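Engineer: This is the content of structure-v1.cif (mmCIF, C-alpha atoms):
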```cif
data_data
#
loop_
_atom_site.label_atom_id
_atom_site.label_comp_id
_atom_site.auth_asym_id
_atom_site.auth_seq_id
_atom_site.Cartn_x
_atom_site.Cartn_y
_atom_site.Cartn_z
CA MET A 1 23.12 -44.63 -87.00
CA ASN A 2 22.45 -42.72 -90.14
CA LYS A 3 21.91 -39.00 -90.43
CA THR A 4 18.07 -39.10 -90.40
CA THR A 5 17.75 -41.15 -87.25
CA ALA A 6 20.32 -38.94 -85.52
CA ILE A 7 18.31 -35.76 -86.25
CA LEU A 8 15.08 -37.47 -85.31
CA SER A 9 16.32 -38.76 -81.95
CA LEU A 10 17.95 -35.41 -81.17
CA SER A 11 14.77 -33.47 -81.85
CA LEU A 12 12.79 -35.97 -79.78
CA ALA A 13 15.20 -35.46 -76.91
CA VAL A 14 14.81 -31.70 -77.16
CA VAL A 15 11.01 -31.95 -77.15
CA GLY A 16 11.14 -34.33 -74.18
CA LEU A 17 13.43 -32.03 -72.25
CA GLY A 18 11.24 -29.04 -72.93
CA GLY A 19 8.18 -30.85 -71.67
CA ALA A 20 9.93 -31.69 -68.44
CA MET A 21 10.99 -28.08 -67.76
CA PRO A 22 9.35 -26.86 -64.52
CA THR A 23 6.92 -23.94 -64.92
CA PHE A 24 7.53 -21.08 -62.45
CA ALA A 25 4.45 -19.45 -61.00
CA ILE A 26 5.16 -15.75 -60.57
CA ASP A 27 3.82 -14.45 -57.33
CA SER A 28 3.14 -10.78 -57.93
CA LEU A 29 2.93 -8.31 -55.09
CA ARG A 30 0.64 -6.27 -57.30
CA GLY A 31 -1.97 -8.99 -56.94
CA ALA A 32 -2.35 -9.33 -60.71
CA ALA A 33 -0.76 -11.60 -63.30
CA ILE A 34 2.48 -10.27 -64.79
CA GLU A 35 0.88 -9.51 -68.14
CA ALA A 36 -2.38 -8.20 -66.70
CA MET A 37 -3.16 -4.61 -65.83
CA SER A 38 -3.09 -3.93 -62.14
CA THR A 39 -6.39 -3.14 -60.47
CA PRO A 40 -6.69 0.57 -59.70
CA PRO A 41 -6.79 1.39 -56.00
CA ALA A 42 -10.13 2.30 -54.48
CA LYS A 43 -10.99 5.98 -54.68
CA ARG A 44 -10.65 7.71 -51.34
CA LYS A 45 -11.74 11.10 -50.18
CA VAL A 46 -9.31 13.52 -48.63
CA ASP A 47 -9.41 13.42 -44.86
CA VAL A 48 -10.75 16.67 -43.46
CA VAL A 49 -9.81 17.06 -39.81
CA GLU A 50 -11.03 20.08 -37.90
CA GLY A 51 -8.30 21.65 -35.84
CA GLY A 52 -5.51 19.85 -37.71
CA ILE A 53 -3.82 16.45 -37.51
CA GLU A 54 -1.56 15.81 -34.55
CA ARG A 55 2.10 15.17 -35.33
CA THR A 56 3.31 11.60 -35.05
CA PHE A 57 6.87 12.54 -34.18
CA GLU A 58 8.79 15.61 -33.25
CA GLN A 59 9.99 17.70 -36.19
CA GLN A 60 7.36 16.13 -38.46
CA PRO A 61 6.15 18.63 -41.06
CA PRO A 62 2.48 19.11 -40.09
CA LEU A 63 0.04 17.23 -42.32
CA ILE A 64 -2.58 19.11 -44.35
CA PRO A 65 -6.00 18.49 -42.78
CA HIS A 66 -8.07 19.71 -45.77
CA LYS A 67 -8.50 19.46 -49.54
CA ILE A 68 -5.99 21.33 -51.68
CA GLU A 69 -6.92 20.21 -55.20
CA ASN A 70 -8.11 23.63 -56.36
CA TYR A 71 -5.15 25.57 -55.03
CA ARG A 72 -2.45 26.33 -57.52
CA LEU A 73 1.14 26.04 -56.44
CA ASN A 74 3.62 27.02 -59.10
CA LEU A 75 6.35 29.48 -59.93
CA ARG A 76 3.88 32.33 -60.33
CA GLN A 77 1.57 31.74 -57.43
CA ASN A 78 1.34 29.93 -54.15
CA GLY A 79 -2.31 29.21 -53.36
CA CYS A 80 -1.49 28.10 -49.80
CA MET A 81 -0.12 31.53 -48.91
CA ARG A 82 -3.53 33.06 -49.59
CA CYS A 83 -4.51 31.96 -46.07
CA HIS A 84 -1.27 30.71 -44.51
CA SER A 85 0.94 33.76 -44.98
CA LYS A 86 2.09 35.53 -41.84
CA ALA A 87 -0.07 38.53 -42.75
CA ALA A 88 -3.24 36.50 -43.27
CA ALA A 89 -2.85 33.80 -40.62
CA GLU A 90 -4.64 35.55 -37.80
CA LYS A 91 -7.64 36.62 -39.86
CA GLU A 92 -7.93 33.28 -41.61
CA ASN A 93 -7.36 31.29 -38.41
CA THR A 94 -4.48 29.31 -39.92
CA LYS A 95 -0.98 28.36 -38.86
CA PRO A 96 1.68 30.48 -40.56
CA PRO A 97 5.00 28.91 -41.62
CA SER A 98 7.51 28.70 -38.78
CA ALA A 99 10.55 30.98 -38.63
CA ASN A 100 12.83 28.46 -40.36
CA HIS A 101 10.82 28.94 -43.58
CA PHE A 102 12.17 32.48 -43.79
CA VAL A 103 15.87 31.65 -43.71
CA ASP A 104 18.02 31.04 -46.76
CA ARG A 105 20.76 28.43 -46.95
CA ASP A 106 23.35 30.84 -45.57
CA GLY A 107 21.24 31.50 -42.48
CA LYS A 108 20.20 34.94 -43.67
CA GLU A 109 16.73 36.00 -42.57
CA LEU A 110 14.25 36.88 -45.31
CA ALA A 111 11.01 38.85 -45.44
CA LYS A 112 9.45 36.46 -47.96
CA LEU A 113 9.15 32.70 -47.88
CA SER A 114 12.54 31.15 -48.69
CA SER A 115 12.70 29.62 -52.14
CA ARG A 116 13.79 26.31 -50.58
CA ARG A 117 10.51 26.26 -48.64
CA TYR A 118 8.29 27.70 -51.36
CA PHE A 119 6.73 24.46 -52.61
CA CYS A 120 4.68 23.48 -49.57
CA THR A 121 3.71 20.02 -50.82
CA GLN A 122 7.33 18.86 -50.88
CA CYS A 123 6.96 18.31 -47.13
CA HIS A 124 3.30 18.85 -46.25
CA MET A 125 0.72 16.40 -47.55
CA VAL A 126 -2.99 15.78 -47.53
CA GLN A 127 -4.20 12.52 -46.01
CA ILE A 128 -6.82 10.03 -47.14
CA LYS A 129 -8.90 7.71 -45.00
CA GLY A 130 -7.13 4.49 -45.95
CA GLU A 131 -6.18 1.36 -44.05
CA PRO A 132 -2.41 0.81 -43.82
CA LEU A 133 -1.20 -1.75 -46.40
CA VAL A 134 1.22 -3.22 -43.90
CA GLU A 135 0.77 -3.42 -40.15
CA ASN A 136 2.77 -0.75 -38.39
CA SER A 137 3.49 -0.39 -34.72
CA PHE A 138 5.53 2.81 -34.98
CA GLN A 139 5.43 4.95 -31.86
CA GLY A 140 6.87 8.40 -32.11
CA LEU A 141 8.86 10.14 -29.39
CA LYS A 142 6.64 12.68 -27.84
CA MET B 1 -59.51 70.63 -99.15
CA PRO B 2 -61.80 67.65 -98.58
CA GLU B 3 -59.87 65.37 -101.02
CA ASP B 4 -56.63 65.66 -99.00
CA LYS B 5 -58.01 64.40 -95.69
CA PRO B 6 -58.04 60.63 -96.43
CA LYS B 7 -54.58 60.98 -98.11
CA LYS B 8 -53.09 62.42 -94.91
CA GLY B 9 -54.59 59.62 -92.80
CA LYS B 10 -53.15 57.03 -95.18
CA ARG B 11 -49.68 58.56 -94.88
CA THR B 12 -49.85 58.46 -91.09
CA VAL B 13 -50.79 54.81 -91.19
CA THR B 14 -47.93 54.03 -93.59
CA VAL B 15 -45.40 55.87 -91.42
CA LEU B 16 -46.72 54.14 -88.33
CA LEU B 17 -46.60 50.69 -89.95
CA THR B 18 -43.07 51.14 -91.33
CA GLY B 19 -42.05 52.39 -87.92
CA ILE B 20 -43.45 49.34 -86.21
CA VAL B 21 -41.96 46.90 -88.72
CA LEU B 22 -38.60 48.65 -88.67
CA GLY B 23 -38.68 48.70 -84.88
CA ILE B 24 -39.36 44.99 -84.69
CA VAL B 25 -36.65 44.17 -87.23
CA LEU B 26 -34.03 46.43 -85.64
CA TRP B 27 -34.79 45.43 -82.07
CA SER B 28 -34.80 41.70 -82.75
CA GLY B 29 -31.67 42.09 -84.85
CA PHE B 30 -29.98 43.96 -82.04
CA ASN B 31 -31.13 41.40 -79.52
CA ALA B 32 -29.98 38.52 -81.71
CA GLY B 33 -26.58 40.19 -82.02
CA MET B 34 -26.36 40.65 -78.28
CA GLU B 35 -27.27 37.00 -77.67
CA ALA B 36 -24.89 35.70 -80.34
CA THR B 37 -22.00 37.53 -78.70
CA ASN B 38 -23.05 36.20 -75.31
CA THR B 39 -21.98 32.59 -75.74
CA GLU B 40 -18.93 30.59 -74.80
CA THR B 41 -18.39 29.61 -78.44
CA PHE B 42 -18.26 33.26 -79.46
CA CYS B 43 -15.73 34.12 -76.75
CA SER B 44 -13.48 31.13 -77.29
CA THR B 45 -13.38 31.02 -81.06
CA SER B 46 -13.95 34.50 -82.44
CA CYS B 47 -10.84 36.12 -81.08
CA HIS B 48 -7.35 34.93 -80.56
CA GLU B 49 -6.87 36.92 -77.34
CA MET B 50 -9.42 34.83 -75.49
CA GLU B 51 -8.70 31.54 -77.21
CA VAL B 52 -4.98 31.34 -76.43
CA ASN B 53 -5.00 32.95 -73.01
CA VAL B 54 -7.98 33.01 -70.70
CA TYR B 55 -9.92 30.20 -72.33
CA GLN B 56 -7.02 27.78 -71.95
CA GLU B 57 -6.66 28.63 -68.28
CA TYR B 58 -10.38 28.39 -67.67
CA MET B 59 -10.53 24.86 -69.12
CA ASP B 60 -8.34 23.75 -66.24
CA THR B 61 -10.67 25.00 -63.51
CA ASN B 62 -13.70 23.98 -61.52
CA HIS B 63 -16.07 26.17 -63.49
CA TYR B 64 -15.27 24.25 -66.67
CA VAL B 65 -15.02 20.68 -65.41
CA ASN B 66 -16.26 19.39 -62.09
CA ARG B 67 -18.04 16.60 -60.23
CA THR B 68 -21.63 17.42 -61.18
CA GLY B 69 -21.14 18.77 -64.71
CA VAL B 70 -22.85 22.06 -63.92
CA ARG B 71 -20.84 24.76 -65.61
CA ALA B 72 -20.39 28.50 -65.68
CA THR B 73 -19.43 29.77 -69.12
CA CYS B 74 -17.71 33.09 -69.96
CA PRO B 75 -20.82 35.35 -70.01
CA ASP B 76 -22.20 33.82 -66.81
CA CYS B 77 -19.42 35.57 -64.90
CA HIS B 78 -18.50 38.45 -67.19
CA VAL B 79 -21.85 39.73 -68.49
CA PRO B 80 -24.65 40.84 -66.15
CA GLN B 81 -27.99 39.10 -66.60
CA GLU B 82 -30.14 42.18 -65.96
CA GLY B 83 -31.18 44.27 -68.99
CA ILE B 84 -29.56 47.65 -68.37
CA PRO B 85 -26.27 46.51 -66.77
CA LYS B 86 -25.98 43.96 -69.59
CA PHE B 87 -26.48 46.69 -72.20
CA VAL B 88 -23.88 48.90 -70.50
CA ARG B 89 -21.38 46.04 -70.38
CA LYS B 90 -21.96 45.33 -74.07
CA LEU B 91 -21.29 48.97 -74.88
CA GLN B 92 -18.07 48.87 -72.87
CA ALA B 93 -17.03 45.88 -74.95
CA SER B 94 -16.54 48.20 -77.92
CA ARG B 95 -13.23 49.11 -76.28
CA GLU B 96 -12.33 45.44 -76.38
CA VAL B 97 -13.12 45.37 -80.11
CA TYR B 98 -10.87 48.41 -80.61
CA HIS B 99 -7.95 46.75 -78.80
CA HIS B 100 -8.62 43.51 -80.64
CA LEU B 101 -8.11 45.39 -83.92
CA LEU B 102 -4.97 47.01 -82.53
CA GLY B 103 -3.69 43.62 -81.30
CA THR B 104 -2.87 44.96 -77.85
CA ILE B 105 -3.02 41.58 -76.10
CA ASP B 106 -2.97 39.01 -78.89
CA THR B 107 -0.07 36.89 -77.58
CA PRO B 108 0.39 35.25 -74.17
CA GLU B 109 3.38 37.55 -73.56
CA LYS B 110 1.46 40.72 -74.34
CA PHE B 111 -1.47 39.44 -72.32
CA ASP B 112 0.64 38.69 -69.26
CA ALA B 113 2.13 42.17 -69.39
CA GLU B 114 -1.37 43.63 -69.10
CA ARG B 115 -2.82 40.94 -66.86
CA MET B 116 -2.67 42.93 -63.63
CA GLU B 117 -4.58 45.84 -65.11
CA LEU B 118 -7.14 43.57 -66.77
CA ALA B 119 -7.64 41.54 -63.60
CA ARG B 120 -8.04 44.67 -61.51
CA HIS B 121 -10.82 45.92 -63.85
CA VAL B 122 -12.76 42.75 -63.15
CA TRP B 123 -11.99 42.67 -59.41
CA ARG B 124 -13.11 46.27 -59.04
CA ALA B 125 -16.34 45.65 -60.97
CA MET B 126 -17.09 42.59 -58.85
CA LYS B 127 -16.41 44.48 -55.66
CA GLU B 128 -18.66 47.37 -56.72
CA THR B 129 -21.60 45.11 -57.57
CA ASP B 130 -21.16 42.88 -54.50
CA SER B 131 -20.12 40.03 -56.81
CA ARG B 132 -23.46 40.17 -58.62
CA GLU B 133 -22.49 37.66 -61.31
CA CYS B 134 -21.23 35.12 -58.74
CA ARG B 135 -24.48 35.41 -56.86
CA ASN B 136 -26.55 34.52 -59.92
CA CYS B 137 -25.59 30.95 -59.02
CA HIS B 138 -24.01 31.15 -55.57
CA GLU B 139 -26.80 32.62 -53.48
CA SER B 140 -25.63 33.02 -49.90
CA LEU B 141 -29.15 32.52 -48.53
CA SER B 142 -29.24 29.11 -50.21
CA MET B 143 -25.87 28.04 -48.85
CA ASP B 144 -26.18 25.31 -46.26
CA TYR B 145 -23.22 25.92 -44.00
CA ASP B 146 -23.77 22.55 -42.31
CA LYS B 147 -22.89 20.85 -45.58
CA GLN B 148 -19.68 22.79 -46.03
CA GLU B 149 -16.31 21.90 -44.60
CA PRO B 150 -15.99 23.41 -41.12
CA ARG B 151 -13.29 25.84 -42.24
CA SER B 152 -15.43 27.06 -45.16
CA ALA B 153 -18.59 27.43 -43.08
CA GLU B 154 -16.73 29.34 -40.38
CA ARG B 155 -15.06 31.67 -42.85
CA HIS B 156 -18.22 32.29 -44.87
CA GLU B 157 -20.21 33.31 -41.81
CA GLN B 158 -17.38 35.51 -40.64
CA ALA B 159 -17.07 37.14 -44.07
CA GLU B 160 -20.77 37.92 -44.17
CA ALA B 161 -20.56 39.56 -40.78
CA GLU B 162 -17.60 41.62 -41.98
CA GLY B 163 -19.53 42.71 -45.06
CA LEU B 164 -17.11 41.09 -47.48
CA THR B 165 -18.03 39.89 -50.94
CA CYS B 166 -17.11 36.77 -52.94
CA ILE B 167 -14.24 38.35 -54.88
CA ASP B 168 -12.50 39.47 -51.67
CA CYS B 169 -11.30 35.90 -51.13
CA HIS B 170 -12.05 34.06 -54.39
CA LYS B 171 -9.63 35.63 -56.85
CA GLY B 172 -7.98 33.70 -59.66
CA ILE B 173 -10.40 30.79 -59.47
CA ALA B 174 -11.13 30.64 -63.19
CA HIS B 175 -7.98 32.31 -64.55
CA ARG B 176 -4.35 32.63 -63.60
CA LEU B 177 -3.44 35.38 -61.17
CA PRO B 178 -1.05 38.09 -62.36
CA ALA B 179 2.61 37.29 -61.66
CA GLU B 180 2.89 40.47 -59.57
CA TYR B 181 -0.09 39.52 -57.41
CA ASP B 182 0.86 39.23 -53.75
CA PRO B 183 -1.68 37.51 -51.47
CA GLU B 184 -0.23 39.33 -48.47
CA GLN B 185 -1.37 42.62 -49.99
CA ASP B 186 -4.82 41.21 -50.52
CA ILE B 187 -6.00 40.34 -47.01
CA PRO B 188 -9.82 40.37 -47.19
CA GLY B 189 -11.01 43.82 -46.20
CA GLU B 190 -7.54 45.38 -46.49
CA SER B 191 -6.80 44.76 -50.14
CA ILE B 192 -4.77 47.28 -52.11
CA TYR B 193 -6.04 46.00 -55.43
CA TYR B 194 -9.42 47.77 -55.63
CA ASP B 195 -8.07 51.29 -55.31
CA GLU B 196 -8.35 52.86 -58.75
CA ALA B 197 -5.99 55.67 -57.74
CA ASN B 198 -3.24 53.15 -57.08
CA THR B 199 -1.66 52.94 -60.51
CA SER B 200 1.69 51.64 -59.29
CA LEU B 201 0.47 48.06 -59.55
#
```
What does this structure look like when you write it as structure tokens?
Structural biologist:
Amino acid sequence: MNKTTAILSLSLAVVGLGGAMPTFAIDSLRGAAIEAMSTPPAKRKVDVVEGGIERTFEQQPPLIPHKIENYRLNLRQNGCMRCHSKAAAEKENTKPPSANHFVDRDGKELAKLSSRRYFCTQCHMVQIKGEPLVENSFQGLK
Amino acid sequence: MPEDKPKKGKRTVTVLLTGIVLGIVLWSGFNAGMEATNTETFCSTSCHEMEVNVYQEYMDTNHYVNRTGVRATCPDCHVPQEGIPKFVRKLQASREVYHHLLGTIDTPEKFDAERMELARHVWRAMKETDSRECRNCHESLSMDYDKQEPRSAERHEQAEAEGLTCIDCHKGIAHRLPAEYDPEQDIPGESIYYDEANTSL
């Protein structure tokens, strides 16, 4: 076998091998091809529930039953406290933060909201009217 | 003398005509000036104080961008629509020109230091006029409480019965609130922020 035939047969073998390689179909959980943009989720309105949303389990931070998009919550101001502060709660017919929001990490009682509890949306969230993505049979202890 | 009589009449006519022409020119000039300084473009571009502070904050709020595209620009809230109150407000603005020249609030830091006082000027004015500028668009008689969220409808009806006005609850909706502002001191009807004598704030 001379040099030319060797190269030729080798390249043929490579091409043949490549053709026989199995193609893997990627099954994406996103529901879109790997290189495609994912479809944006449907727009949902915030769930407004009069009288509040019942807790699903004990110790659950209560969910927010109204829109909050125009309330500012930052270092300088806490828009939630406009109506939810202890002083305003009765007049505004809201639920004030429970006593454990006024305790610092050393157990000392404070007059103002504790800084660890200042950013309400770390625990409390608005809800949207959406169907669960996965079936869920969770039953909380009541 | 009989020759002087027509001369006198002529002079009167000339004086009258110049008076009329001058009046028209001056009044329309004045009016044009008042209108030119009553636009969003004037507020947001002609002075640094507004451009770097309040205008930036406003662009982030519901009165600048919203679902329907109906907007309220600077003068809609800050300048009365009625002739005399508008004229008075425009005269008061000369103080703003003076402080613009002095550079009293021309950086965000300087502005924030004065923010409480500035905000209280506006809150007090709104309280005194029963939120007149708000009500140019938000007329309570035209509010359909059935179309509002239950909590809003309930609170609006209650507020009306209590004799409250828009600004009592809706503070800081188009601009940032002062850092020292404490909502617990501003319970509707019991606010400490309208009292002019209270200078400790």
Engineer: Would you kindly identify which residues have an atom no farther than 10 Å from (21.8, 27.2, -51.2), using all atoms listed in the file and the file's own coordinates, and write them out as a ChimeraX atom specification?
Structural biologist: /A:104-107,115-116
Engineer: Provide as an mmCIF file with C-alpha atoms, in the coordinates of the input the residues of chain B at most 9 Å from chain A, counting all atoms listed in the file.
Structural biologist:
```
data_model
loop_
_atom_site.group_PDB
_atom_site.id
_atom_site.type_symbol
_atom_site.label_atom_id
_atom_site.label_comp_id
_atom_site.auth_asym_id
_atom_site.auth_seq_id
_atom_site.Cartn_x
_atom_site.Cartn_y
_atom_site.Cartn_z
ATOM 1 C CA THR B 61 -10.670 25.000 -63.510
ATOM 2 C CA ASN B 62 -13.700 23.980 -61.520
ATOM 3 C CA GLU B 149 -16.310 21.900 -44.600
ATOM 4 C CA PRO B 150 -15.990 23.410 -41.120
ATOM 5 C CA ARG B 151 -13.290 25.840 -42.240
ATOM 6 C CA ARG B 155 -15.060 31.670 -42.850
ATOM 7 C CA CYS B 169 -11.300 35.900 -51.130
ATOM 8 C CA ILE B 173 -10.400 30.790 -59.470
ATOM 9 C CA ARG B 176 -4.350 32.630 -63.600
ATOM 10 C CA LEU B 177 -3.440 35.380 -61.170
ATOM 11 C CA PRO B 178 -1.050 38.090 -62.360
ATOM 12 C CA ALA B 179 2.610 37.290 -61.660
ATOM 13 C CA GLU B 180 2.890 40.470 -59.570
ATOM 14 C CA TYR B 181 -0.090 39.520 -57.410
ATOM 15 C CA ASP B 182 0.860 39.230 -53.750
ATOM 16 C CA PRO B 183 -1.680 37.510 -51.470
ATOM 17 C CA GLU B 184 -0.230 39.330 -48.470
ATOM 18 C CA GLN B 185 -1.370 42.620 -49.990
ATOM 19 C CA ASP B 186 -4.820 41.210 -50.520
ATOM 20 C CA ILE B 187 -6.000 40.340 -47.010
ATOM 21 C CA PRO B 188 -9.820 40.370 -47.190
#
```
Engineer: For Phe87 in chain B, list every protein, DNA or RNA residue within 12 Å, evaluated using all atoms listed in the file, and leave out those in the same chain fewer than 3 positions away; present the list as a list in words.
Structural biologist: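 Final neighbour list, sorted by chain and number: Phe30, Asn31, Gly33, Met34, Glu35, Asn38, Val79, Pro80, Gln81, Glu82, Gly83, Ile84, Lys90, Leu91, Gln92, Ala93 and Ser94 of chain B.
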Engineer: Looking at all atoms listed in the file, which of B:Trp123, B:Tyr194, B:Trp27, B:Tyr145 is the one that sits closest to Cys166 in chain B?
Structural biologist: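 Looking only at the distances to Cys166 in chain B, the closest residue turns out to be B:Trp123.
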Engineer: Any chance you could resolve the PyMOL selection byres ((chain B and resi 59) around 12) against this file and give the residues as a ChimeraX atom specification?
Structural biologist: /B:40,44,50-58,60-66,71-74,173-176
Engineer: What does the distance from CA of Ser98 in chain A to CA of Ser137 in chain A come to in Å, to one decimal?
Structural biologist: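 Computing the Euclidean distance for CA of Ser98 in chain A and CA of Ser137 in chain A yields 29.6 Å.
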Engineer: With the file shown as input, list the residues that the PyMOL selection byres ((chain A and resi 120-128) around 8) selects, as a compact mmCIF listing (two decimals) with C-alpha atoms, keeping the file's coordinate frame.
Structural biologist:
```txt
# COMPACT_ATOMS: atom_id res chain seq x y z
CA ARG A 44 -10.65 7.71 -51.34
CA LYS A 45 -11.74 11.10 -50.18
CA VAL A 46 -9.31 13.52 -48.63
CA ASP A 47 -9.41 13.42 -44.86
CA PRO A 61 6.15 18.63 -41.06
CA PRO A 62 2.48 19.11 -40.09
CA LEU A 63 0.04 17.23 -42.32
CA ILE A 64 -2.58 19.11 -44.35
CA PRO A 65 -6.00 18.49 -42.78
CA HIS A 66 -8.07 19.71 -45.77
CA LYS A 67 -8.50 19.46 -49.54
CA ILE A 68 -5.99 21.33 -51.68
CA CYS A 80 -1.49 28.10 -49.80
CA ARG A 117 10.51 26.26 -48.64
CA TYR A 118 8.29 27.70 -51.36
CA PHE A 119 6.73 24.46 -52.61
CA LYS A 129 -8.90 7.71 -45.00
CA GLY A 130 -7.13 4.49 -45.95
```
Engineer: Please determine, counting only C-alpha atoms, which residue among A:Asn100, A:Asn74, A:Gln59, A:Ser28 has the shortest atom-to-atom distance to Lys112 in chain A.
Structural biologist: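 Closest to Lys112 in chain A of all the choices is A:Asn100.
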Engineer: Which value, in Å to one decimal, gives the distance between CA of Ile24 in chain B and CA of Thr12 in chain B?
Structural biologist: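 CA of Thr12 in chain B lies 18.2 Å from CA of Ile24 in chain B.
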Engineer: Quick check, in Å to one decimal: how far apart do CA of Arg135 in chain B and CA of Arg67 in chain B lie?
Structural biologist: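 Separation of CA of Arg135 in chain B and CA of Arg67 in chain B: 20.2 Å.
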Engineer: List the neighbours of Asp106 in chain B out to 7 Å using all atoms listed in the file; skip same-chain residues closer than 3 positions along the sequence, and give me the result as an NGL selection string.
Structural biologist: :B and (48-49 or 103 or 110-111)
Engineer: Please return the centre and edge lengths, in Å to one decimal, of a box with edges along x, y and z that contains all listed atoms of range 124-138 of chain A, widened by 4 Å on every side, as AutoDock Vina command-line options.
Structural biologist:
```
--center_x -1.7 --center_y 7.7 --center_z -41.1 --size_x 22.4 --size_y 30.3 --size_z 20.8
```
Engineer: Evaluate the PyMOL selection byres ((chain A and resi 58) around 12) and record the selected residues as a PyMOL selection string, following the chain and residue labels used in the document.
Structural biologist: chain A and resi 54-57+59-62+139-142
Engineer: Return range 164-180 of chain B, completed with N, CA and C atoms, as a compact mmCIF listing (two decimals), in the frame of the given file.
Structural biologist:
```
# COMPACT_ATOMS: atom_id res chain seq x y z
N LEU B 164 -17.98 41.37 -46.33
CA LEU B 164 -17.11 41.09 -47.48
C LEU B 164 -17.94 40.51 -48.62
N THR B 165 -17.34 40.47 -49.80
CA THR B 165 -18.03 39.89 -50.94
C THR B 165 -17.17 38.78 -51.54
N CYS B 166 -17.77 37.97 -52.41
CA CYS B 166 -17.11 36.77 -52.94
C CYS B 166 -15.67 37.04 -53.41
N ILE B 167 -15.52 38.09 -54.23
CA ILE B 167 -14.24 38.35 -54.88
C ILE B 167 -13.14 38.70 -53.88
N ASP B 168 -13.51 39.13 -52.67
CA ASP B 168 -12.50 39.47 -51.67
C ASP B 168 -11.57 38.29 -51.38
N CYS B 169 -12.13 37.08 -51.39
CA CYS B 169 -11.30 35.90 -51.13
C CYS B 169 -11.09 35.07 -52.40
N HIS B 170 -12.12 34.97 -53.24
CA HIS B 170 -12.05 34.06 -54.39
C HIS B 170 -11.53 34.77 -55.64
N LYS B 171 -10.26 35.05 -55.65
CA LYS B 171 -9.63 35.63 -56.85
C LYS B 171 -8.85 34.53 -57.56
N GLY B 172 -8.79 34.66 -58.89
CA GLY B 172 -7.98 33.70 -59.66
C GLY B 172 -8.53 32.29 -59.62
N ILE B 173 -9.84 32.14 -59.50
CA ILE B 173 -10.40 30.79 -59.47
C ILE B 173 -10.66 30.24 -60.86
N ALA B 174 -10.87 31.13 -61.83
CA ALA B 174 -11.13 30.64 -63.19
C ALA B 174 -10.00 31.00 -64.15
N HIS B 175 -9.12 31.91 -63.71
CA HIS B 175 -7.98 32.31 -64.55
C HIS B 175 -6.74 32.40 -63.68
N ARG B 176 -5.60 32.49 -64.34
CA ARG B 176 -4.35 32.63 -63.60
C ARG B 176 -4.28 34.01 -62.96
N LEU B 177 -3.65 34.08 -61.81
CA LEU B 177 -3.44 35.38 -61.17
C LEU B 177 -2.25 36.06 -61.83
N PRO B 178 -2.20 37.39 -61.80
CA PRO B 178 -1.05 38.09 -62.36
C PRO B 178 0.22 37.69 -61.60
N ALA B 179 1.35 37.70 -62.29
CA ALA B 179 2.61 37.29 -61.66
C ALA B 179 2.95 38.22 -60.50
N GLU B 180 2.54 39.49 -60.61
CA GLU B 180 2.89 40.47 -59.57
C GLU B 180 1.95 40.38 -58.38
```
